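What follows is a set of notes on a single structure, which appears directly below.
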Amino acid sequence: MTRRFFLLLVSLFLLLTSCSEQPLGSKRNPIKLYFVPSMEANKIITSAEAIKTYLQKETGLYFSVAVPTSYAAVIEAMGTDEADIAFLATFAYVLAHEKYNAEVALTTIRNDLSSYRGQFVANVNSGINKIEDIEGKVIAYTDAASTSGYLYPSAILKQNNITPKGEIMAGGHPQVILAVYEGTADVGCTFWSEEHEGKPKDARNSVEETYPDVYDKVKIVGFTDWIPNDTVTFRDKFPKEIKEKVVDALLKYAQDPEGKKELQALYNVDGFIKSTDNDYDIVRSTLETLGMDANELFK
């Protein structure tokens, strides 16, 4: 080993050691905030950056944001300390808690509700009018860790011995709607939420601006049971004092006019309520009733 190479290794070691010793929330060790890719990534990043800016101003701490390519990547990041905080979908949270002891702190609110349902949607020309008609058809799911976009609807099909002809993992709720709209899939599974001011607020709403006739071409043919809303989740052993600051800042942000706008743009969120892991036992009991294992489902 040459002296020059040795000195380079020493320098790198000292640099990494220096970074690791920086307190969490400092400029060189920012709090890492992750978002699941359930909507279009560029839209998520825009709102995520706005949230980061607000949190930095409100808490005096530094943050960074990221949108990995899958729910699985966010879950794994929670287990390796690559992510400190994540906006996690319901089933993704249950799995992150089971695997890595991640802990929910906030549940999202939409239209004054802390729960929602999944929906089955079909192309109007597919011949599908009810869930039983899915037999032998091509179905589009969002992601294997999505509660409304995969877990609950696939469980319903299993319960009723319905076997689709083929399955597509589209990568997000808008992508599922587009797959059904364009005929790539006969039926799709996405989130549903109650109408607001007379307008549907389900996943079709996410593509209406580009495809204004989506409500005419994509129809609802069935629903899942009710599901607790998605979460703001903290990794295991996240410092309690910092956690309280972040939670308080997010609750305040949800009351701010600009914050309301960005949270709506992000995941159609109207606000947050404080929550605990016990609030998600209903998801676990549903899995037990169906004889399904979270880790096996995720695989």
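We name chains A, B, ... following the order of the structure tokens; residues begin at 1 in each chain, and ligands are numbered from 1 as shown.
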For this session: List the neighbours of Phe120 of chain A out to 12 Å using only C-alpha atoms; skip same-chain residues closer than 6 positions along the sequence, and give me the result as a ChimeraX atom specification.
Result: /A:128-134,139-142,148-150,152-154,156-157,173,176-177,180,185-192,202-204,218-225
Using only C-alpha atoms, determine which residues lie at most 6 Å from Pro164 of chain A, disregarding the query and same-chain residues fewer than 4 positions distant; provide the list as an MDAnalysis selection string.
-> chainID A and resid 135:138
Export, as an mmCIF file, in the first residue's frame, the selected residues with C-alpha atoms.
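Now in part-v7.cif:
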```
data_model
loop_
_atom_site.group_PDB
_atom_site.id
_atom_site.type_symbol
_atom_site.label_atom_id
_atom_site.label_comp_id
_atom_site.auth_asym_id
_atom_site.auth_seq_id
_atom_site.Cartn_x
_atom_site.Cartn_y
_atom_site.Cartn_z
ATOM 1 C CA GLU A 135 -62.603 -13.905 -12.890
ATOM 2 C CA GLY A 136 -60.352 -14.402 -15.918
ATOM 3 C CA LYS A 137 -59.628 -10.672 -16.354
ATOM 4 C CA VAL A 138 -56.391 -8.683 -16.151
#
```
* To do: Fewer than 3 positions away in the same chain doesn't count, so skip those; otherwise give me all residues within 7 Å of Ser47 of chain A, counting only C-alpha atoms, as a PyMOL selection string.
  => chain A and resi 43-44+50-51+262+265-266
Excluding Ala249 of chain A and residues on its chain fewer than 4 positions from it, collect all residues at most 7 Å away from it, counting only C-alpha atoms, and give them as a JSON list (two decimals) with N, CA and C atoms, in the first residue's frame.
```json
[["chain", "number", "residue", "atom", "x", "y", "z"],
["A", 55, "LEU", "N", -40.55, 22.68, 8.04],
["A", 55, "LEU", "CA", -40.04, 21.99, 9.23],
["A", 55, "LEU", "C", -38.72, 22.59, 9.69],
["A", 58, "GLU", "N", -39.53, 25.89, 11.37],
["A", 58, "GLU", "CA", -40.30, 25.74, 12.61],
["A", 58, "GLU", "C", -39.50, 25.08, 13.73],
["A", 245, "LYS", "N", -40.96, 17.64, 18.58],
["A", 245, "LYS", "CA", -40.85, 18.88, 17.82],
["A", 245, "LYS", "C", -41.43, 18.71, 16.40],
["A", 253, "TYR", "N", -48.45, 22.80, 10.74],
["A", 253, "TYR", "CA", -48.39, 22.96, 9.28],
["A", 253, "TYR", "C", -49.74, 22.65, 8.63]]
```
**Request:** Using only C-alpha atoms, pick whichever of A:Glu40, A:Asp216, A:Glu209, A:Glu194 has the shortest atom-to-atom distance to Gly118 of chain A.
**Result:**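 Ranking A:Glu40, A:Asp216, A:Glu209, A:Glu194 by distance to Gly118 of chain A, first place goes to A:Glu194.
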Using the chain letters and numbers from this document, which residues of segment 11-77 of chain A does DSSP assign to strand (DSSP E or B), as JSON, numbers by chain?
{"A": [26, 29, 31, 32, 33, 34, 35, 63, 64, 65, 66]}
Practice prompt. Show which residues sit within 12 Å of Lys252 of chain A, as a ChimeraX atom specification. Count only C-alpha atoms, and ignore same-chain residues fewer than 4 positions away.
Written response: /A:51,54-55,58-59,245-248,256-260,271-273
Looking only at the backbone, which of the residues in segment 31-98 of chain A does DSSP tag as helix (DSSP H, G or I), as a PDB file with N, CA and C atoms, in the first residue's frame?
```pdb
ATOM      1  N   ALA A  41     -44.011  11.017  -8.858  1.00  0.00           N
ATOM      2  CA  ALA A  41     -42.837  11.362  -8.058  1.00  0.00           C
ATOM      3  C   ALA A  41     -42.513  12.850  -8.091  1.00  0.00           C
ATOM      4  N   ASN A  42     -42.639  13.487  -9.258  1.00  0.00           N
ATOM      5  CA  ASN A  42     -42.285  14.905  -9.348  1.00  0.00           C
ATOM      6  C   ASN A  42     -43.223  15.777  -8.514  1.00  0.00           C
ATOM      7  N   LYS A  43     -44.505  15.382  -8.460  1.00  0.00           N
ATOM      8  CA  LYS A  43     -45.452  16.132  -7.621  1.00  0.00           C
ATOM      9  C   LYS A  43     -45.147  15.936  -6.143  1.00  0.00           C
ATOM     10  N   ILE A  44     -44.764  14.701  -5.777  1.00  0.00           N
ATOM     11  CA  ILE A  44     -44.432  14.417  -4.383  1.00  0.00           C
ATOM     12  C   ILE A  44     -43.217  15.236  -3.966  1.00  0.00           C
ATOM     13  N   ILE A  45     -42.196  15.274  -4.812  1.00  0.00           N
ATOM     14  CA  ILE A  45     -40.968  16.009  -4.490  1.00  0.00           C
ATOM     15  C   ILE A  45     -41.253  17.487  -4.266  1.00  0.00           C
ATOM     16  N   THR A  46     -42.113  18.082  -5.096  1.00  0.00           N
ATOM     17  CA  THR A  46     -42.442  19.499  -4.957  1.00  0.00           C
ATOM     18  C   THR A  46     -43.041  19.791  -3.582  1.00  0.00           C
ATOM     19  N   SER A  47     -44.020  18.976  -3.177  1.00  0.00           N
ATOM     20  CA  SER A  47     -44.650  19.174  -1.871  1.00  0.00           C
ATOM     21  C   SER A  47     -43.704  18.791  -0.739  1.00  0.00           C
ATOM     22  N   ALA A  48     -42.893  17.751  -0.954  1.00  0.00           N
ATOM     23  CA  ALA A  48     -41.938  17.319   0.066  1.00  0.00           C
ATOM     24  C   ALA A  48     -40.930  18.423   0.378  1.00  0.00           C
ATOM     25  N   GLU A  49     -40.476  19.102  -0.649  1.00  0.00           N
ATOM     26  CA  GLU A  49     -39.529  20.199  -0.443  1.00  0.00           C
ATOM     27  C   GLU A  49     -40.176  21.344   0.336  1.00  0.00           C
ATOM     28  N   ALA A  50     -41.453  21.593   0.066  1.00  0.00           N
ATOM     29  CA  ALA A  50     -42.167  22.643   0.812  1.00  0.00           C
ATOM     30  C   ALA A  50     -42.300  22.260   2.285  1.00  0.00           C
ATOM     31  N   ILE A  51     -42.593  20.991   2.540  1.00  0.00           N
ATOM     32  CA  ILE A  51     -42.692  20.504   3.917  1.00  0.00           C
ATOM     33  C   ILE A  51     -41.343  20.617   4.614  1.00  0.00           C
ATOM     34  N   LYS A  52     -40.286  20.237   3.909  1.00  0.00           N
ATOM     35  CA  LYS A  52     -38.934  20.334   4.470  1.00  0.00           C
ATOM     36  C   LYS A  52     -38.605  21.771   4.875  1.00  0.00           C
ATOM     37  N   THR A  53     -38.892  22.694   3.991  1.00  0.00           N
ATOM     38  CA  THR A  53     -38.604  24.109   4.262  1.00  0.00           C
ATOM     39  C   THR A  53     -39.333  24.580   5.514  1.00  0.00           C
ATOM     40  N   TYR A  54     -40.616  24.177   5.628  1.00  0.00           N
ATOM     41  CA  TYR A  54     -41.397  24.596   6.801  1.00  0.00           C
ATOM     42  C   TYR A  54     -40.839  23.973   8.078  1.00  0.00           C
ATOM     43  N   LEU A  55     -40.549  22.678   8.036  1.00  0.00           N
ATOM     44  CA  LEU A  55     -40.043  21.992   9.227  1.00  0.00           C
ATOM     45  C   LEU A  55     -38.717  22.591   9.692  1.00  0.00           C
ATOM     46  N   GLN A  56     -37.856  22.934   8.735  1.00  0.00           N
ATOM     47  CA  GLN A  56     -36.575  23.538   9.102  1.00  0.00           C
ATOM     48  C   GLN A  56     -36.780  24.883   9.802  1.00  0.00           C
ATOM     49  N   LYS A  57     -37.698  25.664   9.281  1.00  0.00           N
ATOM     50  CA  LYS A  57     -37.961  26.972   9.868  1.00  0.00           C
ATOM     51  C   LYS A  57     -38.610  26.836  11.244  1.00  0.00           C
ATOM     52  N   GLU A  58     -39.528  25.890  11.370  1.00  0.00           N
ATOM     53  CA  GLU A  58     -40.300  25.741  12.610  1.00  0.00           C
ATOM     54  C   GLU A  58     -39.504  25.082  13.731  1.00  0.00           C
ATOM     55  N   THR A  59     -38.633  24.133  13.386  1.00  0.00           N
ATOM     56  CA  THR A  59     -37.916  23.369  14.415  1.00  0.00           C
ATOM     57  C   THR A  59     -36.473  23.819  14.613  1.00  0.00           C
ATOM     58  N   TYR A  71     -42.484   1.083  -2.285  1.00  0.00           N
ATOM     59  CA  TYR A  71     -42.815   1.060  -0.869  1.00  0.00           C
ATOM     60  C   TYR A  71     -41.756   0.247  -0.114  1.00  0.00           C
ATOM     61  N   ALA A  72     -41.312  -0.871  -0.734  1.00  0.00           N
ATOM     62  CA  ALA A  72     -40.343  -1.759  -0.088  1.00  0.00           C
ATOM     63  C   ALA A  72     -39.064  -1.016   0.256  1.00  0.00           C
ATOM     64  N   ALA A  73     -38.627  -0.149  -0.651  1.00  0.00           N
ATOM     65  CA  ALA A  73     -37.396   0.604  -0.418  1.00  0.00           C
ATOM     66  C   ALA A  73     -37.541   1.531   0.784  1.00  0.00           C
ATOM     67  N   VAL A  74     -38.722   2.110   0.963  1.00  0.00           N
ATOM     68  CA  VAL A  74     -38.961   2.984   2.118  1.00  0.00           C
ATOM     69  C   VAL A  74     -38.950   2.166   3.401  1.00  0.00           C
ATOM     70  N   ILE A  75     -39.602   1.007   3.378  1.00  0.00           N
ATOM     71  CA  ILE A  75     -39.642   0.135   4.558  1.00  0.00           C
ATOM     72  C   ILE A  75     -38.231  -0.276   4.959  1.00  0.00           C
ATOM     73  N   GLU A  76     -37.444  -0.722   3.994  1.00  0.00           N
ATOM     74  CA  GLU A  76     -36.078  -1.163   4.288  1.00  0.00           C
ATOM     75  C   GLU A  76     -35.235  -0.002   4.798  1.00  0.00           C
ATOM     76  N   ALA A  77     -35.486   1.201   4.281  1.00  0.00           N
ATOM     77  CA  ALA A  77     -34.741   2.375   4.740  1.00  0.00           C
ATOM     78  C   ALA A  77     -35.020   2.657   6.214  1.00  0.00           C
ATOM     79  N   MET A  78     -36.229   2.339   6.660  1.00  0.00           N
ATOM     80  CA  MET A  78     -36.562   2.524   8.075  1.00  0.00           C
ATOM     81  C   MET A  78     -35.767   1.559   8.951  1.00  0.00           C
ATOM     82  N   GLY A  79     -35.406   0.407   8.392  1.00  0.00           N
ATOM     83  CA  GLY A  79     -34.682  -0.600   9.166  1.00  0.00           C
ATOM     84  C   GLY A  79     -33.186  -0.413   9.170  1.00  0.00           C
ATOM     85  N   THR A  90     -50.662   2.333   5.006  1.00  0.00           N
ATOM     86  CA  THR A  90     -51.093   1.557   6.163  1.00  0.00           C
ATOM     87  C   THR A  90     -50.378   0.220   6.299  1.00  0.00           C
ATOM     88  N   PHE A  91     -50.450  -0.623   5.271  1.00  0.00           N
ATOM     89  CA  PHE A  91     -49.816  -1.933   5.351  1.00  0.00           C
ATOM     90  C   PHE A  91     -48.305  -1.814   5.424  1.00  0.00           C
ATOM     91  N   ALA A  92     -47.753  -0.834   4.723  1.00  0.00           N
ATOM     92  CA  ALA A  92     -46.313  -0.600   4.779  1.00  0.00           C
ATOM     93  C   ALA A  92     -45.901  -0.283   6.213  1.00  0.00           C
ATOM     94  N   TYR A  93     -46.734   0.492   6.924  1.00  0.00           N
ATOM     95  CA  TYR A  93     -46.437   0.782   8.334  1.00  0.00           C
ATOM     96  C   TYR A  93     -46.480  -0.490   9.180  1.00  0.00           C
ATOM     97  N   VAL A  94     -47.542  -1.286   9.004  1.00  0.00           N
ATOM     98  CA  VAL A  94     -47.680  -2.520   9.792  1.00  0.00           C
ATOM     99  C   VAL A  94     -46.448  -3.405   9.592  1.00  0.00           C
ATOM    100  N   LEU A  95     -45.977  -3.499   8.372  1.00  0.00           N
ATOM    101  CA  LEU A  95     -44.813  -4.322   8.073  1.00  0.00           C
ATOM    102  C   LEU A  95     -43.539  -3.706   8.661  1.00  0.00           C
ATOM    103  N   ALA A  96     -43.387  -2.378   8.539  1.00  0.00           N
ATOM    104  CA  ALA A  96     -42.212  -1.699   9.082  1.00  0.00           C
ATOM    105  C   ALA A  96     -42.152  -1.837  10.593  1.00  0.00           C
ATOM    106  N   HIS A  97     -43.317  -1.833  11.246  1.00  0.00           N
ATOM    107  CA  HIS A  97     -43.360  -2.019  12.696  1.00  0.00           C
ATOM    108  C   HIS A  97     -42.970  -3.444  13.058  1.00  0.00           C
ATOM    109  N   GLU A  98     -43.485  -4.401  12.314  1.00  0.00           N
ATOM    110  CA  GLU A  98     -43.205  -5.804  12.598  1.00  0.00           C
ATOM    111  C   GLU A  98     -41.735  -6.143  12.372  1.00  0.00           C
TER     112      GLU A  98
END
```
If you count only C-alpha atoms, the residue of A:Ser38, A:Tyr62, A:Glu182, A:Arg235 closest to Gln22 of chain A turns out to be A:Tyr62
Test item: residues at most 12 Å from Thr276 of chain A, only C-alpha atoms, excluding those fewer than 6 positions along its chain, as a PDB file with C-alpha atoms, in the first residue's frame:
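Saved as selection.pdb:
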```
ATOM      1  CA  TYR A  93     -46.437   0.782   8.334  1.00  0.00           C
ATOM      2  CA  VAL A  94     -47.680  -2.520   9.792  1.00  0.00           C
ATOM      3  CA  HIS A  97     -43.360  -2.019  12.696  1.00  0.00           C
ATOM      4  CA  ALA A 102     -40.949   1.581  13.477  1.00  0.00           C
ATOM      5  CA  GLU A 103     -43.581   3.585  15.357  1.00  0.00           C
ATOM      6  CA  VAL A 104     -46.549   5.560  14.047  1.00  0.00           C
ATOM      7  CA  ALA A 105     -47.023   9.061  15.471  1.00  0.00           C
ATOM      8  CA  LEU A 106     -49.655  10.628  13.215  1.00  0.00           C
ATOM      9  CA  THR A 107     -52.543   9.334  11.120  1.00  0.00           C
ATOM     10  CA  PRO A 228     -57.052   3.082   8.928  1.00  0.00           C
ATOM     11  CA  THR A 231     -49.206   7.378   8.616  1.00  0.00           C
ATOM     12  CA  VAL A 232     -46.297   9.549   9.609  1.00  0.00           C
ATOM     13  CA  THR A 233     -43.901   7.000  11.068  1.00  0.00           C
ATOM     14  CA  PHE A 234     -40.603   7.292  12.967  1.00  0.00           C
TER      15      PHE A 234
END
```
Q) What is the distance between atom CA of Glu241 of chain A and atom CA of Pro30 of chain A, in Å to one decimal? A)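 Atom-to-atom, atom CA of Glu241 of chain A and atom CA of Pro30 of chain A are spaced 15.5 Å apart.
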